[in-house]
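So the structure is just underneath, and the comments pick up after that.
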Amino acid sequence: MTDVVRVLIAADKFKGSLTAVEVARHVAAGLRRGADAAGRPLDVAALPVADGGDGTVDAAVAAGFARREVRVTGPVGVPVTAAYALRGGTAVVEMAEASGLRRLPGGVPAPLTATTYGTGELLRAALDAGARTLVLGIGGSATTDGGAGMLSALGARLLDASGAPVRPGGAALAGLATADLTGLDPRLRAVELVLASDVDNPLTGPAGAAAVYGPQKGAGPDDVALLDAALARYAAVLDGGALAPAAGAGAAGGLGYGALAGLGAVFRPGIEVMLDVLGFAGALAGTDLVITGEGSLDAQTLRGKAPVGVAGAARERGVPVVAVCGRLALSAEELPAAGIERAYALTDLEPDPARCMALAGPLLERVAERIAEDHFR
């Protein structure tokens, strides 16, 4: 190490406690105190990250994108104010901003009727703003409509046997007879649309959108069966079911499929896309240590969540990585295999989960001081 310790904080949110921006702020504060105690000059930079789900727009804004707000249709038809991020010709659109669980009035689920129409309106707003590359981050959805609402907002006509538009939501897709995509916004043909997700499920079946994620959105067993059959009908009409088994087709209640089959999107792991968009490679230059993390480091983390993506990219440059988390559920063998030298959990300081979440900020600062003690001497 040089005399000045250069640290890059590239952590995701601690869901339910802190945004990624807040995580970075608390970690930086603790590092500075630890560096002062160790007598080491410190150069700390923050690059909050996200993997396509909740917080993706916030991460882009923290990296220098402009925040744009627009009124769109929420998942049950109630208008909401949603945001996307824009820099140059690149727009970062987070479907949860328009069609996420947090947009349900009173938190009341609508598993059969929730729509992604507002996500399509967000994409259209980004096109209106001149975007030529659209990064569509998907996760945290309230919907299981296969992206049908999104396609409709962008000009597709999804019709039943009588020639009438099918109603909003996934259940109505059981009556889909024809899909006319000729009216899709022509600007879509001239843009690059990247589907950013950490979910690689197919559209239908036991590992599909309805079976795996429907219960999280209020769907009971009968609802799941109905939605799965409706999505299968939708896929058969849209492209003969060709892309239904594709990785990412089942993401965000099947919105992934709608983007792949209807809009010609390219699927990429969300964290890889976001690291490119946020300029992680440039931020990493000259760094001695990377600190990543998220609320829970567990088996899901290993399936392409933000900390593993950050660790992999840093490892390629030979930069060591440690992680901060609220809860650690990975073994001592799994961490280094993921490129993480060590993880520092808040529950080591406060084992009570409720208190740990309530005091996440101060606890993170204490953890960061410990990181400084371990690495700056």
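Here's how to read the names in the structure tokens: chain A, B, ... by the order shown, residue numbers from 1 in each chain, ligand numbers from 1 in the order shown.
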
Write out as a ChimeraX atom specification the residues lying within 6 Å of segment 33-43 of chain A, counting only C-alpha atoms and excluding same-chain residues fewer than 3 positions away. /A:4-6,30,369,372

Print the selection's residues with N, CA, C and O atoms to a file, as a JSON list (two decimals), in the first residue's frame.
```
[["chain", "number", "residue", "atom", "x", "y", "z"],
["A", 4, "VAL", "N", -0.99, 6.88, 1.36],
["A", 4, "VAL", "CA", -2.42, 7.19, 1.36],
["A", 4, "VAL", "C", -3.19, 5.93, 1.02],
["A", 4, "VAL", "O", -2.94, 5.28, 0.00],
["A", 5, "VAL", "N", -4.13, 5.57, 1.89],
["A", 5, "VAL", "CA", -4.97, 4.40, 1.63],
["A", 5, "VAL", "C", -6.17, 4.83, 0.79],
["A", 5, "VAL", "O", -6.93, 5.70, 1.20],
["A", 6, "ARG", "N", -6.30, 4.22, -0.38],
["A", 6, "ARG", "CA", -7.40, 4.56, -1.28],
["A", 6, "ARG", "C", -8.46, 3.47, -1.23],
["A", 6, "ARG", "O", -8.18, 2.31, -1.56],
["A", 30, "GLY", "N", -17.08, 5.97, 9.33],
["A", 30, "GLY", "CA", -16.34, 5.07, 10.20],
["A", 30, "GLY", "C", -14.90, 4.86, 9.74],
["A", 30, "GLY", "O", -13.97, 4.79, 10.57],
["A", 369, "GLU", "N", -14.93, 1.22, 11.29],
["A", 369, "GLU", "CA", -13.75, 1.47, 12.12],
["A", 369, "GLU", "C", -12.95, 0.18, 12.30],
["A", 369, "GLU", "O", -11.71, 0.20, 12.28],
["A", 372, "ALA", "N", -10.94, -0.46, 9.26],
["A", 372, "ALA", "CA", -9.76, 0.38, 9.26],
["A", 372, "ALA", "C", -8.67, -0.19, 10.16],
["A", 372, "ALA", "O", -7.48, -0.21, 9.81]]
```

Using only C-alpha atoms, which residues sit within 6 Å of segment 60-65 of chain A once same-chain residues fewer than 4 positions away are excluded, as JSON, numbers by chain? {"A": [85, 86, 87, 278]}

With only C-alpha atoms as the counted atoms, please give the residues lying no more than 12 Å from segment 232-245 of chain A, apart from itself and same-chain residues fewer than 6 positions off, as a PyMOL selection string. chain A and resi 144-148+151+156-160+166+169-181+200-210+225-226+251+254-267

Nearest residue to Arg366 of chain A out of A:Ala28, A:Arg68, A:Leu134, A:Ala83, using only C-alpha atoms? A:Ala28

To test your reading of the structure, identify every residue in segment 123-306 of chain A that backbone DSSP assigns to strand (DSSP E or B), and report it as a short mmCIF file (atom, residue, chain, number, x, y, z; two decimals) with C-alpha atoms, in the first residue's frame.
```cif
data_model
loop_
_atom_site.label_atom_id
_atom_site.label_comp_id
_atom_site.auth_asym_id
_atom_site.auth_seq_id
_atom_site.Cartn_x
_atom_site.Cartn_y
_atom_site.Cartn_z
CA THR A 133 -29.59 3.22 -24.85
CA LEU A 134 -32.24 2.02 -22.42
CA VAL A 135 -31.15 0.04 -19.38
CA LEU A 136 -34.28 -1.55 -17.93
CA GLY A 137 -33.69 -2.71 -14.37
CA SER A 141 -42.48 -5.97 -9.18
CA ARG A 157 -52.43 -4.23 -29.43
CA LEU A 158 -53.25 -7.32 -27.37
CA LEU A 159 -56.74 -8.46 -28.30
CA ASP A 160 -59.23 -11.11 -27.21
CA PRO A 165 -58.15 -5.16 -25.85
CA LEU A 176 -55.56 -13.43 -25.48
CA ALA A 177 -56.27 -14.27 -29.13
CA THR A 178 -53.97 -12.00 -31.17
CA ALA A 179 -50.95 -9.79 -30.57
CA ASP A 180 -50.32 -6.97 -33.03
CA GLU A 192 -30.31 -0.60 -27.57
CA LEU A 193 -32.52 -2.06 -24.86
CA VAL A 194 -30.67 -3.94 -22.11
CA LEU A 195 -32.64 -6.03 -19.65
CA ALA A 196 -30.78 -5.86 -16.32
CA SER A 197 -31.80 -8.48 -13.78
CA VAL A 266 -30.76 -8.25 -24.60
CA PHE A 267 -30.58 -9.92 -21.19
CA ARG A 268 -27.52 -9.30 -19.00
CA PRO A 269 -26.90 -9.84 -15.29
CA LEU A 289 -9.36 -1.79 -1.05
CA VAL A 290 -12.98 -2.18 -2.15
CA ILE A 291 -15.81 -2.40 0.36
CA THR A 292 -19.03 -3.89 -0.96
CA GLY A 293 -22.09 -5.33 0.72
CA GLU A 294 -25.85 -5.57 1.13
CA GLY A 295 -28.33 -6.24 3.89
CA SER A 296 -27.99 -10.02 3.88
CA LEU A 297 -25.08 -11.98 2.48
#
```

Hey, which of A:Ala338, A:Val319, A:Val212, A:Ala91 ends up closest to Arg67 of chain A? Count only C-alpha atoms.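 That would be A:Ala91, the residue with the smallest distance to Arg67 of chain A.
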
Just the number, please: distance in Å from atom CA of Gly270 of chain A to atom CA of Gly220 of chain A, one decimal. 28.9 Å

Name the residues in contact with Leu275 of chain A at a cut-off of 9 Å, using only C-alpha atoms, excluding same-chain residues fewer than 3 positions from it; report them as an mmCIF file with N, CA and C atoms, in the first residue's frame.
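As written to disk, part_16.cif reads:
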```
data_model
loop_
_atom_site.group_PDB
_atom_site.id
_atom_site.type_symbol
_atom_site.label_atom_id
_atom_site.label_comp_id
_atom_site.auth_asym_id
_atom_site.auth_seq_id
_atom_site.Cartn_x
_atom_site.Cartn_y
_atom_site.Cartn_z
ATOM 1 N N VAL A 49 -24.061 1.045 -5.634
ATOM 2 C CA VAL A 49 -24.392 0.154 -6.742
ATOM 3 C C VAL A 49 -25.768 -0.457 -6.533
ATOM 4 N N ALA A 50 -26.284 -1.065 -7.598
ATOM 5 C CA ALA A 50 -27.555 -1.778 -7.564
ATOM 6 C C ALA A 50 -27.492 -2.840 -8.645
ATOM 7 N N ASP A 51 -28.385 -3.823 -8.550
ATOM 8 C CA ASP A 51 -28.353 -4.928 -9.507
ATOM 9 C C ASP A 51 -29.559 -4.946 -10.439
ATOM 10 N N GLY A 270 -27.816 -8.037 -13.969
ATOM 11 C CA GLY A 270 -28.027 -6.645 -13.600
ATOM 12 C C GLY A 270 -26.798 -5.937 -13.074
ATOM 13 N N ILE A 271 -26.036 -6.610 -12.216
ATOM 14 C CA ILE A 271 -24.887 -5.931 -11.625
ATOM 15 C C ILE A 271 -23.814 -5.676 -12.675
ATOM 16 N N GLU A 272 -23.642 -6.565 -13.644
ATOM 17 C CA GLU A 272 -22.662 -6.331 -14.702
ATOM 18 C C GLU A 272 -23.040 -5.085 -15.503
ATOM 19 N N LEU A 278 -22.272 2.688 -14.421
ATOM 20 C CA LEU A 278 -21.816 3.579 -13.352
ATOM 21 C C LEU A 278 -20.338 3.933 -13.450
ATOM 22 N N GLY A 279 -19.599 3.252 -14.323
ATOM 23 C CA GLY A 279 -18.177 3.548 -14.486
ATOM 24 C C GLY A 279 -17.301 2.950 -13.399
ATOM 25 N N PHE A 280 -17.617 1.714 -13.019
ATOM 26 C CA PHE A 280 -16.878 1.071 -11.927
ATOM 27 C C PHE A 280 -15.404 0.885 -12.271
ATOM 28 N N ALA A 281 -15.089 0.505 -13.490
ATOM 29 C CA ALA A 281 -13.700 0.253 -13.866
ATOM 30 C C ALA A 281 -12.837 1.497 -13.661
ATOM 31 N N GLY A 309 -20.892 -9.416 -7.896
ATOM 32 C CA GLY A 309 -20.484 -8.742 -9.125
ATOM 33 C C GLY A 309 -19.353 -7.768 -8.893
ATOM 34 N N VAL A 310 -19.449 -6.994 -7.821
ATOM 35 C CA VAL A 310 -18.384 -6.053 -7.476
ATOM 36 C C VAL A 310 -17.092 -6.804 -7.179
ATOM 37 N N ALA A 313 -15.430 -8.183 -10.378
ATOM 38 C CA ALA A 313 -14.788 -7.139 -11.186
ATOM 39 C C ALA A 313 -13.513 -6.634 -10.524
#
```

Which residues of segment 253-333 of chain A come within 7 Å of segment 343-350 of chain A, and what is each one's closest atom pair and distance in Å (one decimal), counting only C-alpha atoms, sorted by chain and residue number, as a Markdown table?
```
| residue | atom | partner | partner_atom | distance |
| --- | --- | --- | --- | --- |
| A:Val322 | CA | A:Ala343 | CA | 5.8 |
| A:Ala323 | CA | A:Ala343 | CA | 4.6 |
| A:Val324 | CA | A:Tyr344 | CA | 4.8 |
| A:Cys325 | CA | A:Ala345 | CA | 4.8 |
| A:Gly326 | CA | A:Leu346 | CA | 4.7 |
| A:Arg327 | CA | A:Ala345 | CA | 5.5 |
| A:Leu328 | CA | A:Ala345 | CA | 5.9 |
```

Listing only residues of segment 217-319 of chain A within 10 Å of segment 108-131 of chain A, what is the closest atom pair and its distance in Å (to one decimal) for each, using only C-alpha atoms, sorted by chain and residue number ascending, as JSON lines?
```
{"residue": "A:Lys217", "atom": "CA", "partner": "A:Pro111", "partner_atom": "CA", "distance": 5.7}
{"residue": "A:Gly218", "atom": "CA", "partner": "A:Pro109", "partner_atom": "CA", "distance": 5.5}
{"residue": "A:Ala219", "atom": "CA", "partner": "A:Pro111", "partner_atom": "CA", "distance": 5.4}
{"residue": "A:Gly220", "atom": "CA", "partner": "A:Pro111", "partner_atom": "CA", "distance": 8.9}
{"residue": "A:Asp223", "atom": "CA", "partner": "A:Leu112", "partner_atom": "CA", "distance": 7.2}
{"residue": "A:Val224", "atom": "CA", "partner": "A:Pro111", "partner_atom": "CA", "distance": 8.9}
{"residue": "A:Leu226", "atom": "CA", "partner": "A:Leu112", "partner_atom": "CA", "distance": 8.7}
{"residue": "A:Leu227", "atom": "CA", "partner": "A:Leu112", "partner_atom": "CA", "distance": 7.2}
{"residue": "A:Ala252", "atom": "CA", "partner": "A:Thr116", "partner_atom": "CA", "distance": 9.6}
{"residue": "A:Gly253", "atom": "CA", "partner": "A:Thr116", "partner_atom": "CA", "distance": 9.4}
{"residue": "A:Leu255", "atom": "CA", "partner": "A:Thr116", "partner_atom": "CA", "distance": 7.7}
```

Would you mind exporting the chosen residues as a CSV table (one decimal), in the first residue's frame, restricted to all heavy atoms?
```csv
chain,number,residue,atom,x,y,z
A,217,LYS,N,-46.5,-11.9,-4.2
A,217,LYS,CA,-47.3,-10.8,-4.7
A,217,LYS,C,-48.8,-11.0,-4.3
A,217,LYS,O,-49.6,-10.4,-4.9
A,217,LYS,CB,-47.1,-10.6,-6.2
A,217,LYS,CG,-45.7,-10.4,-6.6
A,217,LYS,CD,-45.4,-10.5,-8.1
A,217,LYS,CE,-43.9,-10.5,-8.4
A,217,LYS,NZ,-43.7,-10.6,-9.8
A,218,GLY,N,-49.0,-12.0,-3.4
A,218,GLY,CA,-50.4,-12.2,-3.0
A,218,GLY,C,-51.1,-13.3,-3.7
A,218,GLY,O,-52.3,-13.5,-3.5
A,219,ALA,N,-50.5,-14.1,-4.6
A,219,ALA,CA,-51.1,-15.1,-5.3
A,219,ALA,C,-51.2,-16.4,-4.5
A,219,ALA,O,-50.2,-16.9,-4.0
A,219,ALA,CB,-50.4,-15.4,-6.6
A,220,GLY,N,-52.4,-16.9,-4.4
A,220,GLY,CA,-52.6,-18.2,-3.8
A,220,GLY,C,-52.4,-19.4,-4.8
A,220,GLY,O,-52.2,-19.1,-5.9
A,223,ASP,N,-54.5,-19.0,-7.9
A,223,ASP,CA,-54.0,-17.9,-8.6
A,223,ASP,C,-52.8,-18.2,-9.4
A,223,ASP,O,-52.6,-17.8,-10.6
A,223,ASP,CB,-53.8,-16.7,-7.7
A,223,ASP,CG,-55.0,-16.2,-7.0
A,223,ASP,OD1,-56.1,-16.3,-7.5
A,223,ASP,OD2,-54.8,-15.6,-5.9
A,224,VAL,N,-51.9,-18.9,-8.8
A,224,VAL,CA,-50.6,-19.3,-9.4
A,224,VAL,C,-50.9,-20.2,-10.6
A,224,VAL,O,-50.3,-19.9,-11.7
A,224,VAL,CB,-49.7,-20.0,-8.4
A,224,VAL,CG1,-48.5,-20.7,-9.2
A,224,VAL,CG2,-49.1,-19.1,-7.4
A,226,LEU,N,-53.6,-20.3,-12.4
A,226,LEU,CA,-54.3,-19.5,-13.4
A,226,LEU,C,-53.3,-18.6,-14.1
A,226,LEU,O,-53.3,-18.5,-15.4
A,226,LEU,CB,-55.4,-18.6,-12.7
A,226,LEU,CG,-56.0,-17.5,-13.6
A,226,LEU,CD1,-56.7,-18.2,-14.8
A,226,LEU,CD2,-57.0,-16.7,-12.8
A,227,LEU,N,-52.4,-17.9,-13.4
A,227,LEU,CA,-51.4,-17.0,-14.0
A,227,LEU,C,-50.4,-17.8,-14.8
A,227,LEU,O,-50.0,-17.3,-15.9
A,227,LEU,CB,-50.7,-16.3,-12.9
A,227,LEU,CG,-51.5,-15.2,-12.2
A,227,LEU,CD1,-50.8,-14.7,-10.9
A,227,LEU,CD2,-51.7,-14.0,-13.1
A,252,ALA,N,-39.4,-10.3,-12.9
A,252,ALA,CA,-40.4,-9.3,-12.7
A,252,ALA,C,-41.8,-9.7,-13.2
A,252,ALA,O,-42.4,-8.9,-14.0
A,252,ALA,CB,-39.9,-8.0,-13.3
A,253,GLY,N,-42.2,-10.9,-12.8
A,253,GLY,CA,-43.5,-11.3,-13.2
A,253,GLY,C,-43.7,-11.5,-14.7
A,253,GLY,O,-44.8,-11.4,-15.3
A,255,LEU,N,-42.1,-9.7,-17.0
A,255,LEU,CA,-41.8,-8.6,-17.8
A,255,LEU,C,-40.5,-8.8,-18.7
A,255,LEU,O,-40.4,-8.3,-19.8
A,255,LEU,CB,-41.6,-7.3,-16.9
A,255,LEU,CG,-41.3,-6.0,-17.7
A,255,LEU,CD1,-42.0,-4.9,-17.0
A,255,LEU,CD2,-39.8,-5.7,-17.7
```
